[in-house]
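File shown: target-v8.csv (CSV, C-alpha atoms).
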chain,number,residue,atom,x,y,z
Q,1,MET,CA,56.9,65.0,103.1
Q,2,GLY,CA,57.7,65.8,106.7
Q,3,GLN,CA,54.9,66.9,108.9
Q,4,HIS,CA,54.7,70.6,109.9
Q,5,ARG,CA,52.5,72.5,112.3
Q,6,HIS,CA,49.2,73.6,110.9
Q,7,THR,CA,46.1,74.9,112.6
Q,8,HIS,CA,42.8,76.5,111.8
Q,9,ALA,CA,42.4,80.2,112.6
Q,10,ALA,CA,40.6,81.0,115.8
Q,11,GLY,CA,37.0,82.2,115.1
Q,12,SER,CA,36.8,80.5,111.8
Q,13,ALA,CA,33.9,78.1,112.2
Q,14,GLY,CA,34.1,75.0,110.2
Q,15,LEU,CA,37.6,75.5,109.0
Q,16,LEU,CA,39.8,72.5,108.3
Q,17,SER,CA,42.7,71.6,110.5
Q,18,SER,CA,44.7,69.3,108.3
Q,19,ARG,CA,45.4,68.5,104.7
Q,20,ARG,CA,43.7,65.1,105.1
Q,21,ASP,CA,40.5,67.0,106.2
Q,22,PHE,CA,40.8,69.3,103.2
Q,23,LEU,CA,40.8,66.3,100.8
Q,24,CYS,CA,37.9,64.7,102.4
Q,25,HIS,CA,36.0,67.9,102.4
Q,26,CYS,CA,36.6,68.5,98.7
Q,27,CYS,CA,35.5,65.0,97.8
Q,28,VAL,CA,32.5,64.3,99.9
Q,29,GLY,CA,31.8,67.1,102.3
Q,30,ILE,CA,29.9,70.3,101.5
Q,31,SER,CA,28.3,73.1,103.6
Q,32,THR,CA,24.5,73.1,103.7
Q,33,ALA,CA,24.2,76.7,102.7
Q,34,ALA,CA,26.4,76.3,99.6
Q,35,LEU,CA,24.7,73.1,98.6
Q,36,LEU,CA,21.3,74.6,98.8
Q,37,ALA,CA,22.5,77.6,96.8
Q,38,ALA,CA,23.8,75.4,94.1
Q,39,ILE,CA,20.8,73.1,93.6
Q,40,ASN,CA,17.8,75.4,94.3
Q,41,ARG,CA,18.4,78.1,91.7
Q,42,PRO,CA,16.3,77.5,88.6
Q,43,ALA,CA,17.7,78.0,85.1
Q,44,ARG,CA,17.0,81.3,83.4
Q,45,SER,CA,14.8,80.0,80.6
Q,46,ALA,CA,14.1,76.9,78.5
Q,47,ASP,CA,15.9,78.2,75.4
Q,48,ALA,CA,19.0,79.7,77.1
Q,49,VAL,CA,22.0,77.9,78.3
Q,50,THR,CA,22.8,78.7,81.9
Q,51,ILE,CA,26.3,78.3,83.2
Q,52,LYS,CA,26.5,78.1,87.0
Q,53,ALA,CA,29.9,79.1,88.3
Q,54,THR,CA,31.8,79.7,91.4
Q,55,HIS,CA,34.7,82.1,91.8
Q,56,GLY,CA,37.3,83.4,94.2
Q,57,THR,CA,37.8,86.8,95.6
Q,58,GLY,CA,41.0,88.3,94.1
Q,59,PHE,CA,41.6,90.5,91.1
Q,60,CYS,CA,42.3,87.4,89.1
Q,61,ASN,CA,38.5,87.0,89.2
Q,62,MET,CA,37.8,90.4,87.8
Q,63,GLY,CA,37.2,89.1,84.3
Q,64,ILE,CA,34.4,86.8,85.4
Q,65,PHE,CA,32.9,89.5,87.6
Q,66,LEU,CA,32.7,91.9,84.6
Q,67,ALA,CA,31.3,89.1,82.4
Q,68,HIS,CA,28.5,88.7,85.0
Q,69,GLU,CA,28.0,92.4,85.7
Q,70,LEU,CA,28.0,93.5,82.0
Q,71,GLN,CA,26.2,90.3,80.9
Q,72,LEU,CA,28.9,89.6,78.3
Q,73,THR,CA,27.7,86.1,77.5
Q,74,GLU,CA,24.0,87.0,76.8
Q,75,ASP,CA,24.5,87.9,73.1
Q,76,ASP,CA,25.7,84.3,72.6
Q,77,GLY,CA,22.6,82.9,74.3
Q,78,VAL,CA,24.4,82.0,77.5
Q,79,HIS,CA,23.4,83.2,81.0
Q,80,LEU,CA,26.1,83.3,83.6
Q,81,GLU,CA,24.9,82.6,87.1
Q,82,PHE,CA,27.1,82.8,90.2
Q,83,VAL,CA,26.8,80.4,93.1
Q,84,ASN,CA,28.2,82.1,96.2
Q,85,THR,CA,30.2,80.1,98.7
Q,86,PRO,CA,30.8,80.7,102.4
Q,87,THR,CA,34.5,79.9,102.3
Q,88,ILE,CA,37.4,79.5,99.8
Q,89,ALA,CA,37.3,75.7,100.4
Q,90,ASP,CA,33.7,75.6,99.3
Q,91,VAL,CA,34.6,76.9,95.9
Q,92,THR,CA,36.6,73.8,95.3
Q,93,THR,CA,34.1,71.5,96.9
Q,94,ILE,CA,31.0,72.6,95.0
Q,95,PHE,CA,32.9,72.5,91.7
Q,96,GLY,CA,34.4,69.1,92.4
Q,97,ALA,CA,31.0,67.7,93.4
Q,98,GLY,CA,29.6,68.6,90.0
Q,99,LEU,CA,27.1,71.1,91.4
Q,100,VAL,CA,28.3,73.9,89.1
Q,101,ASP,CA,29.6,73.9,85.6
Q,102,ALA,CA,32.6,76.2,85.8
Q,103,SER,CA,34.9,77.9,88.3
Q,104,LEU,CA,37.5,80.6,88.3
Q,105,ILE,CA,39.9,78.7,90.6
Q,106,PRO,CA,43.5,78.6,91.7
Q,107,TYR,CA,45.1,76.0,89.5
Q,108,THR,CA,46.5,74.2,92.5
Q,109,ASN,CA,43.0,73.7,93.9
Q,110,PHE,CA,42.0,72.4,90.5
Q,111,PHE,CA,44.9,69.8,90.7
Q,112,THR,CA,43.4,68.3,93.9
Q,113,LEU,CA,40.1,67.7,92.1
Q,114,LEU,CA,41.7,66.2,89.0
Q,115,ASP,CA,43.8,63.9,91.3
Q,116,LYS,CA,40.6,62.6,92.9
Q,117,GLY,CA,39.1,61.8,89.5
Q,118,ALA,CA,36.8,64.8,89.0
Q,119,PRO,CA,35.9,65.2,85.3
Q,120,VAL,CA,37.1,68.8,84.9
Q,121,LYS,CA,39.5,70.6,82.5
Q,122,ILE,CA,41.4,73.9,82.5
Q,123,VAL,CA,40.1,75.8,79.4
Q,124,SER,CA,41.6,79.3,79.7
Q,125,GLY,CA,43.4,81.6,82.0
Q,126,GLY,CA,42.0,83.9,84.6
Q,127,GLY,CA,44.6,86.1,86.2
Q,128,VAL,CA,48.4,86.3,86.6
Q,129,GLU,CA,50.7,87.3,89.5
Q,130,GLY,CA,49.2,89.0,92.5
Q,131,CYS,CA,50.2,86.4,95.1
Q,132,VAL,CA,52.2,88.3,97.8
Q,133,ILE,CA,53.9,87.3,101.0
Q,134,VAL,CA,53.5,90.1,103.5
Q,135,SER,CA,55.0,90.2,107.0
Q,136,GLN,CA,54.8,92.4,110.1
Q,137,PRO,CA,57.4,95.2,110.6
Q,138,GLY,CA,60.9,93.9,111.2
Q,139,LEU,CA,60.3,90.5,109.7
Q,140,ASP,CA,62.3,91.2,106.6
Q,141,SER,CA,63.6,87.8,105.6
Q,142,ALA,CA,62.8,84.1,105.4
Q,143,GLU,CA,65.0,83.5,108.5
Q,144,ALA,CA,63.0,86.1,110.4
Q,145,LEU,CA,59.9,84.0,110.0
Q,146,ARG,CA,61.4,81.0,111.8
Q,147,GLY,CA,58.9,80.0,114.5
Q,148,LYS,CA,56.5,82.7,113.4
Q,149,THR,CA,52.9,82.3,112.1
Q,150,LEU,CA,51.9,82.3,108.4
Q,151,GLY,CA,48.3,82.7,107.4
Q,152,THR,CA,47.0,81.3,104.1
Q,153,PHE,CA,44.4,79.0,102.4
Q,154,GLN,CA,44.7,75.2,101.9
Q,155,ALA,CA,45.9,73.8,98.6
Q,156,ASP,CA,45.8,77.3,97.2
Q,157,THR,CA,48.4,79.1,95.1
Q,158,LEU,CA,48.7,81.1,98.3
Q,159,GLU,CA,50.0,78.1,100.1
Q,160,VAL,CA,52.2,76.8,97.3
Q,161,LEU,CA,54.0,80.2,96.9
Q,162,PRO,CA,55.3,80.4,100.5
Q,163,TYR,CA,56.1,76.7,100.4
Q,164,ASP,CA,58.3,77.3,97.3
Q,165,TRP,CA,59.7,80.6,98.6
Q,166,LEU,CA,60.8,79.1,101.9
Q,167,LYS,CA,62.4,76.2,100.1
Q,168,MET,CA,64.3,78.6,97.8
Q,169,ASN,CA,65.6,80.3,101.0
Q,170,GLY,CA,66.7,77.1,102.6
Q,171,MET,CA,63.7,76.6,104.9
Q,172,SER,CA,60.5,74.6,105.0
Q,173,PHE,CA,57.0,74.6,106.4
Q,174,GLN,CA,58.4,72.8,109.4
Q,175,ASP,CA,60.1,76.1,110.3
Q,176,VAL,CA,56.9,78.1,110.6
Q,177,ASP,CA,53.4,77.8,112.1
Q,178,VAL,CA,51.0,77.6,109.2
Q,179,ARG,CA,47.4,78.7,109.9
Q,180,PHE,CA,44.6,78.1,107.5
Q,181,PHE,CA,41.8,80.7,107.1
Q,182,GLY,CA,38.4,80.5,105.4
Q,183,THR,CA,37.8,83.8,103.6
Q,184,SER,CA,40.0,86.6,102.1
Q,185,PRO,CA,38.7,89.4,104.3
Q,186,GLU,CA,39.2,87.3,107.4
Q,187,LEU,CA,42.9,86.6,106.5
Q,188,ALA,CA,43.5,90.2,105.7
Q,189,GLN,CA,41.9,91.3,109.0
Q,190,ALA,CA,44.0,88.8,111.0
Q,191,PHE,CA,47.1,90.5,109.6
Q,192,LEU,CA,45.9,94.0,110.2
Q,193,ALA,CA,45.0,93.1,113.8
Q,194,GLY,CA,48.5,91.6,114.3
Q,195,SER,CA,47.2,88.1,115.2
Q,196,VAL,CA,49.5,86.5,112.5
Q,197,ASP,CA,53.1,87.4,111.7
Q,198,SER,CA,52.8,86.9,108.0
Q,199,ILE,CA,50.3,86.1,105.3
Q,200,CYS,CA,50.3,85.1,101.7
Q,201,HIS,CA,47.4,86.9,100.0
Q,202,ILE,CA,46.0,88.0,96.7
Q,203,GLU,CA,45.1,91.4,95.5
Q,204,PRO,CA,43.5,93.7,96.6
Q,205,TYR,CA,44.0,92.3,100.1
Q,206,ALA,CA,47.8,92.1,99.9
Q,207,THR,CA,47.9,95.9,99.1
Q,208,GLN,CA,45.4,96.5,101.9
Q,209,ALA,CA,47.7,94.7,104.3
Q,210,LEU,CA,50.8,96.5,103.2
Q,211,GLU,CA,49.1,99.9,103.4
Q,212,GLY,CA,47.2,99.1,106.6
Q,213,VAL,CA,50.2,98.2,108.8
Q,214,GLN,CA,52.9,100.8,108.9
Q,215,GLY,CA,56.3,99.2,108.2
Q,216,ALA,CA,54.8,96.0,106.8
Q,217,VAL,CA,57.2,94.2,104.5
Q,218,MET,CA,56.6,92.6,101.1
Q,219,LEU,CA,58.8,89.5,101.3
Q,220,SER,CA,57.8,88.2,97.8
Q,221,ASP,CA,55.4,89.0,95.0
Q,222,GLY,CA,56.1,85.6,93.4
Q,223,THR,CA,58.2,86.9,90.6
Q,224,ASP,CA,61.4,86.2,92.5
Q,225,VAL,CA,60.4,82.5,92.9
Q,226,TYR,CA,58.7,82.0,89.6
Q,227,HIS,CA,58.8,84.5,86.7
Q,228,LYS,CA,57.1,87.6,85.4
Q,229,GLY,CA,53.5,86.8,84.4
Q,230,TYR,CA,53.2,83.5,86.4
Q,231,THR,CA,49.7,82.2,86.5
Q,232,ASP,CA,47.5,82.4,89.6
Q,233,CYS,CA,44.0,81.3,88.6
Q,234,VAL,CA,42.3,79.6,85.6
Q,235,LEU,CA,38.9,79.0,84.2
Q,236,ALA,CA,38.0,75.3,84.6
Q,237,VAL,CA,34.8,73.7,83.4
Q,238,SER,CA,33.2,70.3,83.8
Q,239,GLU,CA,33.7,67.8,80.9
Q,240,ARG,CA,29.9,67.5,81.0
Q,241,LEU,CA,29.5,71.1,80.0
Q,242,ILE,CA,32.1,70.7,77.2
Q,243,ASP,CA,30.2,67.6,75.9
Q,244,ASP,CA,26.7,69.1,76.2
Q,245,SER,CA,27.4,72.7,75.3
Q,246,ARG,CA,30.8,73.4,73.8
Q,247,ASP,CA,29.5,76.7,72.4
Q,248,ALA,CA,28.5,77.9,75.9
Q,249,VAL,CA,32.1,77.3,77.1
Q,250,LYS,CA,33.4,79.3,74.1
Q,251,ALA,CA,30.9,82.1,74.9
Q,252,LEU,CA,32.3,82.3,78.5
Q,253,ILE,CA,35.9,82.4,77.2
Q,254,LYS,CA,35.0,85.1,74.7
Q,255,ALA,CA,33.3,87.1,77.5
Q,256,LEU,CA,36.5,86.9,79.6
Q,257,MET,CA,38.4,88.2,76.6
Q,258,ILE,CA,36.0,91.1,76.2
Q,259,ALA,CA,36.3,91.8,79.9
Q,260,GLN,CA,40.1,91.8,79.6
Q,261,GLN,CA,39.9,94.2,76.6
Q,262,LYS,CA,37.7,96.6,78.5
Q,263,THR,CA,39.9,96.5,81.6
Q,264,GLU,CA,43.0,97.2,79.5
Q,265,ALA,CA,41.3,100.1,77.8
Q,266,ASP,CA,39.7,101.7,80.8
Q,267,ARG,CA,40.9,100.1,84.0
Q,268,LYS,CA,39.5,102.8,86.4
Q,269,ALA,CA,35.9,102.4,85.0
Q,270,MET,CA,36.0,98.6,85.2
Q,271,VAL,CA,37.4,98.6,88.7
Q,272,GLU,CA,34.7,101.0,89.8
Q,273,LEU,CA,32.1,98.4,88.6
Q,274,THR,CA,33.5,95.8,91.0
Q,275,ILE,CA,34.5,97.8,94.1
Q,276,GLY,CA,32.0,97.5,96.9
Q,277,LYS,CA,30.2,94.5,95.5
Q,278,TYR,CA,33.1,92.2,94.9
Q,279,TYR,CA,36.1,94.0,96.6
Q,280,LYS,CA,35.7,95.5,100.0
Q,281,THR,CA,38.4,98.1,99.6
Q,282,PRO,CA,38.6,101.8,98.7
Q,283,LEU,CA,38.7,102.6,95.0
Q,284,GLU,CA,42.3,103.9,95.2
Q,285,VAL,CA,43.5,100.7,96.9
Q,286,GLY,CA,41.5,98.6,94.4
Q,287,LEU,CA,42.9,100.5,91.4
Q,288,ALA,CA,46.5,100.1,92.5
Q,289,ALA,CA,46.0,96.4,93.4
Q,290,SER,CA,44.3,95.5,90.1
Q,291,MET,CA,47.4,96.5,88.2
Q,292,LYS,CA,49.4,94.0,90.2
Q,293,GLN,CA,47.1,91.1,89.3
Q,294,PRO,CA,45.9,91.6,85.7
Q,295,ASN,CA,43.5,89.4,83.8
Q,296,VAL,CA,45.0,87.2,81.2
Q,297,VAL,CA,42.7,84.8,79.3
Q,298,ASP,CA,45.3,83.2,77.0
Q,299,GLN,CA,47.7,81.5,79.3
Q,300,ARG,CA,48.8,78.6,77.1
Q,301,ASP,CA,52.4,79.5,77.7
Q,302,GLN,CA,51.9,78.9,81.4
Q,303,GLU,CA,51.1,75.2,81.0
Q,304,ASP,CA,54.5,73.9,81.8
Q,305,PHE,CA,54.8,76.2,84.8
Q,306,MET,CA,51.5,74.8,86.2
Q,307,ILE,CA,52.6,71.2,85.6
Q,308,GLU,CA,55.9,71.9,87.4
Q,309,ARG,CA,54.1,73.4,90.4
Q,310,SER,CA,52.1,70.3,90.7
Q,311,ARG,CA,55.3,68.7,92.1
Q,312,SER,CA,55.0,71.1,95.1
Q,313,VAL,CA,51.4,70.1,95.5
Q,314,VAL,CA,52.5,66.5,95.7
Q,315,GLU,CA,55.1,67.4,98.3
Q,316,LEU,CA,52.4,69.1,100.4
Q,317,GLY,CA,50.4,65.9,100.4
Q,318,TYR,CA,47.4,67.0,98.4
Q,319,ILE,CA,47.9,64.9,95.3
Q,320,LYS,CA,49.6,61.6,94.7
Q,321,GLU,CA,51.7,62.4,91.7
Q,322,PRO,CA,52.5,65.3,89.4
Q,323,LEU,CA,49.8,66.1,86.8
Q,324,GLY,CA,50.4,66.6,83.1
Q,325,LYS,CA,48.9,67.8,79.9
Q,326,GLU,CA,45.7,65.8,80.6
Q,327,SER,CA,44.7,68.7,82.9
Q,328,PHE,CA,44.2,71.1,80.0
Q,329,ASP,CA,42.0,71.5,77.0
Q,330,TRP,CA,42.9,74.7,75.1
Q,331,SER,CA,40.9,73.8,72.0
Q,332,MET,CA,37.9,76.0,72.8
Q,333,LEU,CA,40.2,79.0,73.6
Q,334,GLU,CA,41.9,78.5,70.3
Q,335,GLU,CA,38.6,78.4,68.4
Q,336,VAL,CA,37.5,81.6,70.1
Q,337,ILE,CA,40.8,83.2,69.1
Q,338,ALA,CA,40.4,82.0,65.5
Q,339,GLU,CA,36.8,83.2,65.3
Q,340,ASN,CA,37.5,86.6,66.9
Q,341,PRO,CA,40.9,87.8,65.5
Q,342,GLU,CA,40.3,91.5,66.1
Q,343,LEU,CA,39.3,91.0,69.7
Q,344,TYR,CA,42.3,88.8,70.3
Q,345,ASP,CA,44.7,91.1,68.6
Q,346,SER,CA,43.5,94.0,70.7
Q,347,LEU,CA,44.6,92.2,74.0
Q,348,LYS,CA,47.8,93.5,75.4
Q,349,LEU,CA,48.6,90.5,77.6
Q,350,LYS,CA,48.5,87.0,76.1
Q,351,SER,CA,50.5,83.9,75.6
Q,352,LYS,CA,53.9,84.2,74.1
Q,353,ALA,CA,53.8,80.6,72.9
Using structure tokens, write down the structure that the file contains.
Amino acid sequence: MGQHRHTHAAGSAGLLSSRRDFLCHCCVGISTAALLAAINRPARSADAVTIKATHGTGFCNMGIFLAHELQLTEDDGVHLEFVNTPTIADVTTIFGAGLVDASLIPYTNFFTLLDKGAPVKIVSGGGVEGCVIVSQPGLDSAEALRGKTLGTFQADTLEVLPYDWLKMNGMSFQDVDVRFFGTSPELAQAFLAGSVDSICHIEPYATQALEGVQGAVMLSDGTDVYHKGYTDCVLAVSERLIDDSRDAVKALIKALMIAQQKTEADRKAMVELTIGKYYKTPLEVGLAASMKQPNVVDQRDQEDFMIERSRSVVELGYIKEPLGKESFDWSMLEEVIAENPELYDSLKLKSKA
């Protein structure tokens, strides 16, 4: 892989300036605040299983947000507890360090952990689509981005999409100035302020960027590079949790299915539950954005797609070789489907495999 320009964003304390730094951070480094948050919270009770989880910030996380807000795992004797993280990179770090049991995480970030030997598995889907490349007015093609700045997150699906999109258009990361950011609101604000020429972002921030800058251009929503329904994030859990409490993993997967069902039945009501607390956008923006990045729990038909994308993660220098079927364990998802046929049949979006 040829080297390309990459910098951290100004004002983003503690951000990483290179892919090598990212890998070191994910394997051994961790912010003090996130570490203390992860290890100092007590379990709920002696007789309940507590799953500590991290998550991202996009609408692909809406299912786990609703599972937490509506306590959808409690009937199965499982308490879902969130461990909040200062930056996107810390989500990967804490999960990889074994300080939490589960994470709703971009599958590309998951690959970096598996490559380093972390005992983790993908057990279900989270959300699909919703990765969008947005540019400032007048920058309406890949060629127009030559020499311009691109804001994104490291090892994220939001880095892999523009990498693949530029390649599809005969360009590479050597042709742009890639800048890495720490949080979703920070990346969106950088675009709104005009301090970067383009960004690759998730919903609702992509919609916020498009609506917040008059004449902003949507260069790609990912479907032109990949396909309709391409995956963005997945539910990954530690092998320790699978071994020690397989039923708790199933309870969480079932909760995500219930959340998907509720969202498909009454999207406005479910979005209202998450706006403000999880998404810092007006309800109208959030509602429109949520439809562009729906929750899909059963993503078994996306396995080959994710494996193929790992080749791009290799080319970017984050992992040594493409990953395979060892990344996945769909067995608990399949058990939940078999045990809850009516719930599964009610879902509008699911695997076609």
Selection: 10 Å around range 110-114 of chain Q, only C-alpha atoms, excl. self and same-chain fewer than 4 positions, as a VMD selection string | chain Q and resid 22 to 23 26 to 27 92 to 93 95 to 97 103 to 106 118 to 122 155 to 156 233 to 236 306 to 307 309 to 310 313 to 314 317 to 320 322 to 324 326 to 327
Hey, what's within 9 Å of range 251-255 of chain Q if we count only C-alpha atoms and toss same-chain stuff fewer than 4 positions away? As number ranges by chain, please?
-> Q: 51, 63-64, 66-67, 71-78, 80, 123-125, 235, 246-247, 259-260, 297, 332-333, 336-337, 340, 343
Shell around range 203-216 of chain Q at 10 Å using only C-alpha atoms, local window under 6 positions removed, as a PyMOL selection string = chain Q and resi 57-60+129-140+184-185+187-194+279-282+285-294
Pull the closest atom pair for each residue of range 37-91 of chain Q that gets at most 12 Å from range 238-243 of chain Q, along with the distance in Å to one decimal, counting all atoms listed in the file, ordering rows by chain and then ascending residue number, as a Markdown table.
| residue | atom | partner | partner_atom | distance |
| --- | --- | --- | --- | --- |
| Q:Val49 | CA | Q:Leu241 | CA | 10.3 |
| Q:Thr50 | CA | Q:Leu241 | CA | 10.3 |
| Q:Ile51 | CA | Q:Leu241 | CA | 8.5 |
| Q:Lys52 | CA | Q:Leu241 | CA | 10.3 |
| Q:Ala53 | CA | Q:Ser238 | CA | 10.4 |
Record the distance separating CA of Ile258 in chain Q and CA of Tyr344 in chain Q, expressed in Å with one decimal.
->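 CA of Tyr344 in chain Q lies at a distance of 8.9 Å from CA of Ile258 in chain Q.
Taking CA of Met171 in chain Q and CA of Asp301 in chain Q as the two end points, the separation is 29.6 Å.
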Which residue of Q:Gln174, Q:Thr54, Q:Lys167, Q:Asp90 approaches Ala102 in chain Q most closely, using all atoms listed in the file = Q:Thr54
Interatomic distance between CA of Gly117 in chain Q and CA of Phe153 in chain Q?
-> 22.1 Å
Nearest to Tyr163 in chain Q by atom-to-atom distance, counting only C-alpha atoms, from Q:Glu284, Q:Asp304, Q:Asp197, Q:Glu315 = Q:Glu315
